[in-house]
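Engineer: Before I ask anything, here is the structure I am working with.
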Amino acid sequence: MAKVVIDGKCPYCGSAQGYMQRYVQSVTQYYGFEGEPIEASVVNHRGGTKKYCSNCERKLIIPNNQTEK
Ligand SMILES: [Zn+2]
């Protein structure tokens, strides 16, 4: 199970580096018929709730985070 970050440090490895979140994205790249890239559209499908230590990549709970669901 996830552990709570204490005093700004990872409870697993002690790193104060911070945390990361992973997103599942779908990227659509548009091209002209000459092969020139025109624009890309990025859609987030999922993500934004699970947080991981940026050093050891274990699941974390960030305290006092009102956006946690
Ligand atoms: Zn860690």
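Identifiers for the structure tokens are assigned positionally: chains receive A, B, ... in sequence, residues are indexed from 1 per chain, and ligands are indexed from 1 in the order shown.
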Please give me, as a ChimeraX atom specification, the residues lying within 9 Å of ligand 1 when counting only C-alpha atoms and all ligand atoms.
Structural biologist: /A:9-19,52-60
Engineer: Those same residues - C-alpha atoms - I'd like them written as a PDB file, in the first residue's frame.
Structural biologist:
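Once written, part.pdb looks like this:
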```pdb
ATOM      1  CA  LYS A   9      10.661  13.079   2.136  1.00  0.00           C
ATOM      2  CA  CYS A  10       9.799   9.770   0.554  1.00  0.00           C
ATOM      3  CA  PRO A  11       8.941   7.191   3.267  1.00  0.00           C
ATOM      4  CA  TYR A  12      10.616   4.454   1.227  1.00  0.00           C
ATOM      5  CA  CYS A  13      13.967   5.861   0.088  1.00  0.00           C
ATOM      6  CA  GLY A  14      14.196   9.196   1.975  1.00  0.00           C
ATOM      7  CA  SER A  15      14.504  11.218  -1.229  1.00  0.00           C
ATOM      8  CA  ALA A  16      13.334  14.855  -1.137  1.00  0.00           C
ATOM      9  CA  GLN A  17      13.342  15.033  -4.944  1.00  0.00           C
ATOM     10  CA  GLY A  18       9.573  15.151  -5.258  1.00  0.00           C
ATOM     11  CA  TYR A  19       6.932  13.060  -6.909  1.00  0.00           C
ATOM     12  CA  TYR A  52       4.925   8.191  -7.315  1.00  0.00           C
ATOM     13  CA  CYS A  53       8.294   9.065  -5.814  1.00  0.00           C
ATOM     14  CA  SER A  54      10.444  10.500  -8.610  1.00  0.00           C
ATOM     15  CA  ASN A  55      13.446   8.614  -7.229  1.00  0.00           C
ATOM     16  CA  CYS A  56      12.245   5.094  -6.343  1.00  0.00           C
ATOM     17  CA  GLU A  57       8.903   5.231  -8.232  1.00  0.00           C
ATOM     18  CA  ARG A  58       6.865   3.788  -5.383  1.00  0.00           C
ATOM     19  CA  LYS A  59       3.305   4.900  -4.775  1.00  0.00           C
ATOM     20  CA  LEU A  60       2.946   7.847  -2.391  1.00  0.00           C
TER      21      LEU A  60
END
```
Engineer: Give me the residues within 8 Å of region 40-42 of chain A as a PyMOL selection string, counting only C-alpha atoms and dropping any in the same chain fewer than 5 places off.
Structural biologist: chain A and resi 25-30
Engineer: Include N, CA and C atoms and write out the residues we just selected as a compact mmCIF listing (two decimals), in the first residue's frame.
Structural biologist:
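File again.txt, as written:
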```txt
# COMPACT_ATOMS: atom_id res chain seq x y z
N GLN A 25 -1.88 9.08 -22.46
CA GLN A 25 -2.19 10.09 -23.46
C GLN A 25 -2.35 9.47 -24.84
N SER A 26 -3.11 10.14 -25.63
CA SER A 26 -3.22 9.78 -27.03
C SER A 26 -2.80 11.00 -27.84
N VAL A 27 -1.79 10.85 -28.67
CA VAL A 27 -1.27 11.96 -29.46
C VAL A 27 -1.62 11.73 -30.93
N THR A 28 -2.27 12.71 -31.50
CA THR A 28 -2.58 12.64 -32.93
C THR A 28 -1.75 13.70 -33.64
N GLN A 29 -0.93 13.27 -34.59
CA GLN A 29 -0.09 14.21 -35.34
C GLN A 29 -0.66 14.35 -36.74
N TYR A 30 -0.90 15.58 -37.14
CA TYR A 30 -1.43 15.86 -38.47
C TYR A 30 -0.30 16.24 -39.41
```
Engineer: For Asn44 (chain A), which residue out of A:Gly8, A:Arg22, A:Tyr31, A:Asn64 is the nearest one, using only C-alpha atoms?
Structural biologist: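 Using only C-alpha atoms, the shortest distance to Asn44 (chain A) belongs to A:Arg22.
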Engineer: Tell me, which residues of region 1-45 of chain A carry DSSP strand (DSSP E), written as a PyMOL selection string?
Structural biologist: chain A and resi 3-4+19-31+37-45
Engineer: Tell me, in Å to one decimal, how far CA of Pro63 (chain A) is from CA of His45 (chain A).
Structural biologist: 25.4 Å
